[in-house]
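Undergrad: Sharing a structure below in structure tokens format, with a few things to ask.
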Amino acid sequence: MDSLVKGIRVEQVGGPEVMKIASLGPLVPGPGQALVALEAAGVNPVDTYIRAGTYTIDPALPYTPGLEGAGTVLEIGDGVSHISAGQRIYIGARPLTGTYAEQCLCSAQDLLPLPDALSTEEGAALFITYATAYRALVQLGRAKPGQRVLIRGASGGVGTAAAQWARWLGLDAVGTAGTTKGAELVRQQGLQTVLDHHAPDFDAQAMAATGEQGYDIILEMAAHLNLDSDLDLVARGGSVMVVGNRGELTINPRKMMGKESVVRGVMLFAMGAAERLEFAAAVEASARAGVLRPVIGRRFVLKDAPQAHRAVMEPGAYGKIVLTTGG
Ligand code: NAP
């Protein structure tokens, strides 16, 4: 493929307006690589941190944002035998070039077959959120059927994914949302109890929902606000999984001692190759069973990436935002 590719280019980190549509490439797959024709890219909060220059990893400028997407394999490099051109895939690890574009380059080993039950747009909204939720619940949290789980921030990307995994795994899950619409969405994912995370008596409501036993696992999307309260809500021997955090707060570590509870950080990109294959198998089985289905709350076309970045940081989350390459 030697034609130029349309995509977003960022010359300088900064506000959403630094994302400009441009001609990129051409992109040519080297040994072990694959060129993917993208139909859509998932938009995640981390994309905004990287664009703003506030994430732990600084992008080499200029760069194209986007860490996840789905489409079809266009071309493979030397030494690639397990995938072929024309195959429907989603990207299951950091791509080599950004996904806010019509095409991107990936390590061929990072491309995962897209389950037939999912549309390509749904595939674009799959990896970051479902793999994070799976890692937090299963690979690090060791969730078992029947355990009580609190998904604190269930209306957004990671939260809706976690709610669907909870259903698949037979967990007794309670979710939270900040709006009525978000709460309804969480109920639609199969959770019967959904609480308002802004309620002044939230802790009392959350404990009452467990018969005052507390939660075996808490998936926390806003640890900078909630971690001290999580230490009250976690059960004896339970775990607080820190998924999202945007600042500092004071906690009382004494709360962990009597209960021997654990606070554990979660980092999606620490997922190893074998863990990724396990995740892909769980995706395949749960999508086939009709349990896993990414919620696409909003769509933007590529050139409107700045609006998508503003939207993903607004309160009132509703599943995922995707950028589509048509337009
Ligand atoms: P998102 O789609 O924007 O959703 C944010 C969620 O947080 C929504 O459910 C939102 O609810 C909720 N929330 C807002 N205020 C809250 C509060 N006071 N208490 C509890 N929840 C609150 O984002 P996402 O994709 O789900 O990601 C969630 C967080 O995890 C982000 O900070 C993201 O950067 C991080 N993350 C981390 C990893 C990792 O590897 N550790 C991977 C992916 C994402 P309402 O809008 O309904 O109020």
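By convention here, the chains of the structure tokens are called A, B, ... in the order presented, each chain's residues are numbered starting at 1, and ligands are numbered starting at 1 in the order presented.
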Mind checking DSSP for range 107-189 of chain A and telling me the strand (DSSP E or B) residues as a ChimeraX atom specification?

TA: /A:107,111-113,148-152,172-177

Undergrad: Please report, as a tab-separated table, each residue of chain A lying at most 6 Å from ligand 1, together with the nearest pair of atoms and the separation in Å rounded to one decimal; use only C-alpha atoms and all ligand atoms, and order rows by chain and ascending residue number.

TA:
residue	atom	partner	partner_atom_place_in_ligand_line	distance
A:Asn44	CA	ligand 1	25 (O)	5.4
A:Pro45	CA	ligand 1	34 (O)	4.7
A:Val46	CA	ligand 1	34 (O)	4.9
A:Ile128	CA	ligand 1	43 (C)	5.8
A:Thr129	CA	ligand 1	43 (C)	5.6
A:Thr132	CA	ligand 1	42 (C)	5.2
A:Arg152	CA	ligand 1	20 (C)	4.8
A:Gly153	CA	ligand 1	9 (O)	3.5
A:Ala154	CA	ligand 1	9 (O)	4.4
A:Ser155	CA	ligand 1	9 (O)	3.8
A:Gly156	CA	ligand 1	2 (O)	3.3
A:Gly157	CA	ligand 1	26 (O)	3.8
A:Val158	CA	ligand 1	26 (O)	3.7
A:Gly159	CA	ligand 1	26 (O)	5.3
A:Ala177	CA	ligand 1	47 (O)	3.9
A:Gly178	CA	ligand 1	48 (O)	3.4
A:Thr179	CA	ligand 1	47 (O)	5.2
A:Gly182	CA	ligand 1	47 (O)	5.2
A:His197	CA	ligand 1	19 (N)	5.2
A:Met221	CA	ligand 1	29 (C)	4.6
A:Ala222	CA	ligand 1	20 (C)	5.1
A:Val243	CA	ligand 1	41 (N)	4.2
A:Gly244	CA	ligand 1	30 (O)	3.5
A:Asn245	CA	ligand 1	32 (O)	5.5
A:Val266	CA	ligand 1	41 (N)	4.7
A:Met267	CA	ligand 1	40 (O)	3.6
A:Leu268	CA	ligand 1	40 (O)	3.7
A:Val312	CA	ligand 1	3 (O)	5.3
A:Met313	CA	ligand 1	3 (O)	5.8
A:Pro315	CA	ligand 1	46 (O)	4.1
A:Gly316	CA	ligand 1	46 (O)	3.5
A:Ala317	CA	ligand 1	46 (O)	3.7
A:Gly319	CA	ligand 1	2 (O)	5.9
A:Lys320	CA	ligand 1	2 (O)	5.9

Undergrad: So, counting only C-alpha atoms, which residue among A:Arg254, A:Ala285, A:Ala143, A:Lys181 is closest to Tyr215 in chain A?

TA: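 Of A:Arg254, A:Ala285, A:Ala143, A:Lys181, the one nearest Tyr215 in chain A, counting only C-alpha atoms, is A:Ala143.
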
Undergrad: Figure out the distance between CA of Asp116 in chain A and CA of Ala287 in chain A, please, to one decimal in Å.

TA: 8.4 Å

Undergrad: So how far away is CA of Lys6 in chain A from CA of Gly77 in chain A, in Å?

TA: 21.4 Å

Undergrad: Determine which residues of range 53-210 of chain A DSSP labels as helix (DSSP H, G or I) from the backbone of this structure, then write them out as a VMD selection string.

TA: chain A and resid 108 to 110 120 to 124 127 to 140 157 to 169 180 to 188 202 to 208

Undergrad: What's the 12 Å shell around Gly258 in chain A, counting only C-alpha atoms, without same-chain residues fewer than 6 positions away, as a ChimeraX atom specification?

TA: /A:231-232,234-238

Undergrad: Just write the chosen residues, all heavy atoms, as a compact mmCIF listing (two decimals), in the first residue's frame.

TA:
# COMPACT_ATOMS: atom_id res chain seq x y z
N LEU A 231 -12.03 1.77 51.75
CA LEU A 231 -11.45 1.00 52.87
C LEU A 231 -12.52 0.69 53.92
O LEU A 231 -12.41 -0.30 54.64
CB LEU A 231 -10.28 1.76 53.49
CG LEU A 231 -9.10 2.01 52.55
CD1 LEU A 231 -7.97 2.73 53.29
CD2 LEU A 231 -8.57 0.70 51.96
N ASP A 232 -13.56 1.55 53.99
CA ASP A 232 -14.69 1.25 54.88
C ASP A 232 -15.61 0.18 54.28
O ASP A 232 -16.18 -0.63 54.99
CB ASP A 232 -15.53 2.51 55.11
CG ASP A 232 -14.79 3.54 55.96
OD1 ASP A 232 -14.06 3.12 56.88
OD2 ASP A 232 -14.93 4.75 55.67
N VAL A 234 -14.89 -2.22 51.94
CA VAL A 234 -14.34 -3.52 51.56
C VAL A 234 -14.55 -4.52 52.72
O VAL A 234 -14.53 -4.14 53.89
CB VAL A 234 -12.85 -3.37 51.15
CG1 VAL A 234 -11.94 -3.15 52.36
CG2 VAL A 234 -12.38 -4.54 50.32
N ALA A 235 -14.77 -5.78 52.34
CA ALA A 235 -15.03 -6.82 53.35
C ALA A 235 -13.71 -7.28 53.99
O ALA A 235 -12.63 -6.98 53.49
CB ALA A 235 -15.73 -8.00 52.69
N ARG A 236 -13.82 -8.06 55.02
CA ARG A 236 -12.64 -8.69 55.64
C ARG A 236 -11.89 -9.51 54.58
O ARG A 236 -12.50 -10.32 53.88
CB ARG A 236 -13.13 -9.60 56.76
CG ARG A 236 -12.08 -10.27 57.57
CD ARG A 236 -12.70 -10.90 58.80
NE ARG A 236 -13.26 -9.89 59.71
CZ ARG A 236 -12.54 -9.18 60.58
NH1 ARG A 236 -11.25 -9.39 60.69
NH2 ARG A 236 -13.11 -8.27 61.34
N GLY A 237 -10.62 -9.24 54.41
CA GLY A 237 -9.82 -9.98 53.43
C GLY A 237 -10.07 -9.56 51.99
O GLY A 237 -9.54 -10.19 51.07
N GLY A 238 -10.86 -8.51 51.79
CA GLY A 238 -11.22 -8.09 50.44
C GLY A 238 -10.16 -7.20 49.79
O GLY A 238 -9.16 -6.83 50.41

Undergrad: Find the nearest atom pair between each residue of range 19-75 of chain A and range 123-126 of chain A for residues within 8 Å, count only C-alpha atoms, give distances in Å to one decimal, sort rows by chain and ascending number, and present the table as CSV.

TA:
residue,atom,partner,partner_atom,distance
A:Ala40,CA,A:Ala124,CA,5.6
A:Ala41,CA,A:Ala124,CA,5.1
A:Gly42,CA,A:Ala125,CA,4.8
A:Val43,CA,A:Ala125,CA,7.8
A:Glu68,CA,A:Ala124,CA,6.2
A:Gly69,CA,A:Ala124,CA,3.9
A:Ala70,CA,A:Ala124,CA,4.5
A:Gly71,CA,A:Ala124,CA,7.9
